[in-house]
Number of protein chains: 2
Amino acid sequence: MPKELTPEIISLAVERLRALADETRLRIMISLREAGEMSVNDLAANLQQNQPITSKHLSVLKQTGIVGSRKAGTQVFYFIKDDTVFEVCDLVCAGVRRHHQALSRSAGIL
Amino acid sequence: MPKELTPEIISLAVERLRALADETRLRIMISLREAGEMSVNDLAANLQQNQPITSKHLSVLKQTGIVGSRKAGTQVFYFIKDDTVFEVCDLVCAGVRRHHQALSRSAGIL
DNA sequence: AGAATATATTCCTGTATGGGAATAGAGCCT
DNA sequence: AGGCTCTATTCCCATACAGGAATATATTCT
């Protein structure tokens, strides 16, 4: 845990966690991680989701500083701005796996 | 990112992120990290929150495997079960700080 | 058993939010 | 300018959820 855990930092951390705690947004992050950068339409197609919804989710991610954007003509390319979110995802997934396996074990025992 | 990112793992990761993405629950985690383990009432007092609310949040954290509990008489002591959440918090807070500082800098320039 | 304490659960309410549909805005092209 | 493509925004609806109050459950003690 960081040195100074002020209420403001806590609040911002919650905001960032909330931004990641959504399936569509997490899938956006996964796509961006793989592709480097993507336009809104490409992302929407990749997620099999509407363009407006994709755009809205991207704005949430951008607001918290997780992703950035680059304009190229009529398109807007989004990219991951803060690489630490990858480590966050890795850690969360690792924890999920452990918990999942523990549950499977106890279910097997029962 | 872990090797196999199945829909199930993604869904579980979202569930765990959601569990952390709440100010009260994050403060519970901070308290537990500092104290090792705490009873529900102690936590409620520490958070200056009702006992039922604290209990409800603890059940959310427990459901996702983030915390565990130990019964001692009429009391129930909760403790952190998955240490990776600390690293998650550290990473998120670090990212938040960077973003926050970047915003401060650009605000100073303007 | 009855009282007291500690925890969990239920019901209710207001708010926040994800998704859908329609629309507005921005930039390129002829 | 007009049309076209891409993106952002708005409105609406249904759902989820945090918080509060009251209550139920469990355990210890006399």
# chains A, B, ... in the order shown; residues from 1 in each chain; ligands from 1
>>> interface_residues(of="chain A", to="chain D", cutoff="12 Å", atoms="only C-alpha atoms (C1' of nucleotides)", output="VMD selection string")
chain A and resid 39 to 42 44 50 to 59 71 to 77
>>> interface_residues(of="chain B", to="chain A", cutoff="8 Å", atoms="only C-alpha atoms", output="number ranges by chain")
B: 1-2, 9-18, 20-23, 26, 64-65, 82, 84-97, 99
>>> closest_atom_pairs(of="chain C", to="chain B", cutoff="9 Å", atoms="only C-alpha atoms (C1' of nucleotides)", output="CSV")
residue,atom,partner,partner_atom,distance
C:DT5,C1',B:Thr74,CA,7.6
C:DA6,C1',B:Thr74,CA,5.3
C:DT7,C1',B:Gln75,CA,7.2
C:DA8,C1',B:Ser55,CA,7.1
C:DT9,C1',B:Pro52,CA,8.9
>>> select_by_dssp(residues="chain A", states="strand (DSSP E)", output="list in words")
Glu37, Met38, Ser39, Val67, Gly68, Ser69, Arg70, Lys71, Ala72, Gln75, Val76, Phe77, Tyr78, Phe79 and Ile80 of chain A
>>> write_last_selection(atoms="N, CA and C atoms", output="mmCIF file, in the first residue's frame")
data_model
loop_
_atom_site.group_PDB
_atom_site.id
_atom_site.type_symbol
_atom_site.label_atom_id
_atom_site.label_comp_id
_atom_site.auth_asym_id
_atom_site.auth_seq_id
_atom_site.Cartn_x
_atom_site.Cartn_y
_atom_site.Cartn_z
ATOM 1 N N GLU A 37 -3.166 -0.327 -30.489
ATOM 2 C CA GLU A 37 -4.158 0.740 -30.518
ATOM 3 C C GLU A 37 -5.245 0.373 -31.513
ATOM 4 N N MET A 38 -6.452 0.865 -31.286
ATOM 5 C CA MET A 38 -7.592 0.511 -32.132
ATOM 6 C C MET A 38 -8.549 1.679 -32.238
ATOM 7 N N SER A 39 -9.233 1.740 -33.361
ATOM 8 C CA SER A 39 -10.274 2.750 -33.532
ATOM 9 C C SER A 39 -11.538 2.290 -32.815
ATOM 10 N N VAL A 67 -6.651 4.884 -20.421
ATOM 11 C CA VAL A 67 -6.339 4.875 -21.852
ATOM 12 C C VAL A 67 -6.168 6.307 -22.344
ATOM 13 N N GLY A 68 -5.544 6.432 -23.485
ATOM 14 C CA GLY A 68 -5.412 7.726 -24.143
ATOM 15 C C GLY A 68 -5.952 7.595 -25.540
ATOM 16 N N SER A 69 -6.059 8.696 -26.264
ATOM 17 C CA SER A 69 -6.602 8.638 -27.611
ATOM 18 C C SER A 69 -5.792 9.520 -28.548
ATOM 19 N N ARG A 70 -5.876 9.169 -29.810
ATOM 20 C CA ARG A 70 -5.144 9.885 -30.847
ATOM 21 C C ARG A 70 -6.090 10.023 -32.027
ATOM 22 N N LYS A 71 -6.219 11.218 -32.499
ATOM 23 C CA LYS A 71 -7.142 11.464 -33.588
ATOM 24 C C LYS A 71 -6.410 11.341 -34.918
ATOM 25 N N ALA A 72 -7.026 10.649 -35.857
ATOM 26 C CA ALA A 72 -6.435 10.492 -37.186
ATOM 27 C C ALA A 72 -7.561 10.616 -38.196
ATOM 28 N N GLN A 75 -11.212 9.199 -37.591
ATOM 29 C CA GLN A 75 -11.131 8.129 -36.607
ATOM 30 C C GLN A 75 -10.425 8.585 -35.334
ATOM 31 N N VAL A 76 -10.703 7.886 -34.279
ATOM 32 C CA VAL A 76 -10.001 8.104 -33.016
ATOM 33 C C VAL A 76 -9.430 6.770 -32.572
ATOM 34 N N PHE A 77 -8.131 6.764 -32.400
ATOM 35 C CA PHE A 77 -7.470 5.528 -31.965
ATOM 36 C C PHE A 77 -7.207 5.601 -30.470
ATOM 37 N N TYR A 78 -7.588 4.566 -29.809
ATOM 38 C CA TYR A 78 -7.359 4.478 -28.362
ATOM 39 C C TYR A 78 -6.216 3.521 -28.073
ATOM 40 N N PHE A 79 -5.488 3.851 -27.019
ATOM 41 C CA PHE A 79 -4.365 2.997 -26.612
ATOM 42 C C PHE A 79 -4.267 3.032 -25.096
ATOM 43 N N ILE A 80 -3.591 2.072 -24.575
ATOM 44 C CA ILE A 80 -3.441 1.995 -23.128
ATOM 45 C C ILE A 80 -2.346 2.944 -22.673
#
>>> residues_around(residues="A:Ser31", least_positions_apart="3", cutoff="8 Å", atoms="only C-alpha atoms (C1' of nucleotides)", output="list of chain:residue names")
A:Arg27, A:Ile28, A:Glu34, A:Ala35, A:Leu43, A:Asn46
>>> write_last_selection(atoms="N, CA and C atoms", output="compact mmCIF listing (two decimals), in the first residue's frame")
# COMPACT_ATOMS: atom_id res chain seq x y z
N ARG A 27 -12.82 -6.24 -21.54
CA ARG A 27 -12.57 -6.82 -22.86
C ARG A 27 -11.94 -5.78 -23.78
N ILE A 28 -12.31 -4.52 -23.58
CA ILE A 28 -11.65 -3.45 -24.34
C ILE A 28 -10.16 -3.44 -24.01
N GLU A 34 -3.65 -6.38 -26.82
CA GLU A 34 -3.20 -7.26 -27.89
C GLU A 34 -2.85 -6.47 -29.15
N ALA A 35 -3.66 -5.46 -29.44
CA ALA A 35 -3.52 -4.77 -30.72
C ALA A 35 -2.65 -3.51 -30.63
N LEU A 43 -12.89 -1.57 -32.34
CA LEU A 43 -13.16 -2.11 -31.02
C LEU A 43 -14.59 -2.61 -30.93
N ASN A 46 -14.90 -5.78 -32.68
CA ASN A 46 -14.20 -6.82 -31.92
C ASN A 46 -15.04 -7.29 -30.74
>>> select_by_dssp(residues="stretch 52-95 of chain A", states="helix (DSSP H, G or I)", output="count of residues only")
24
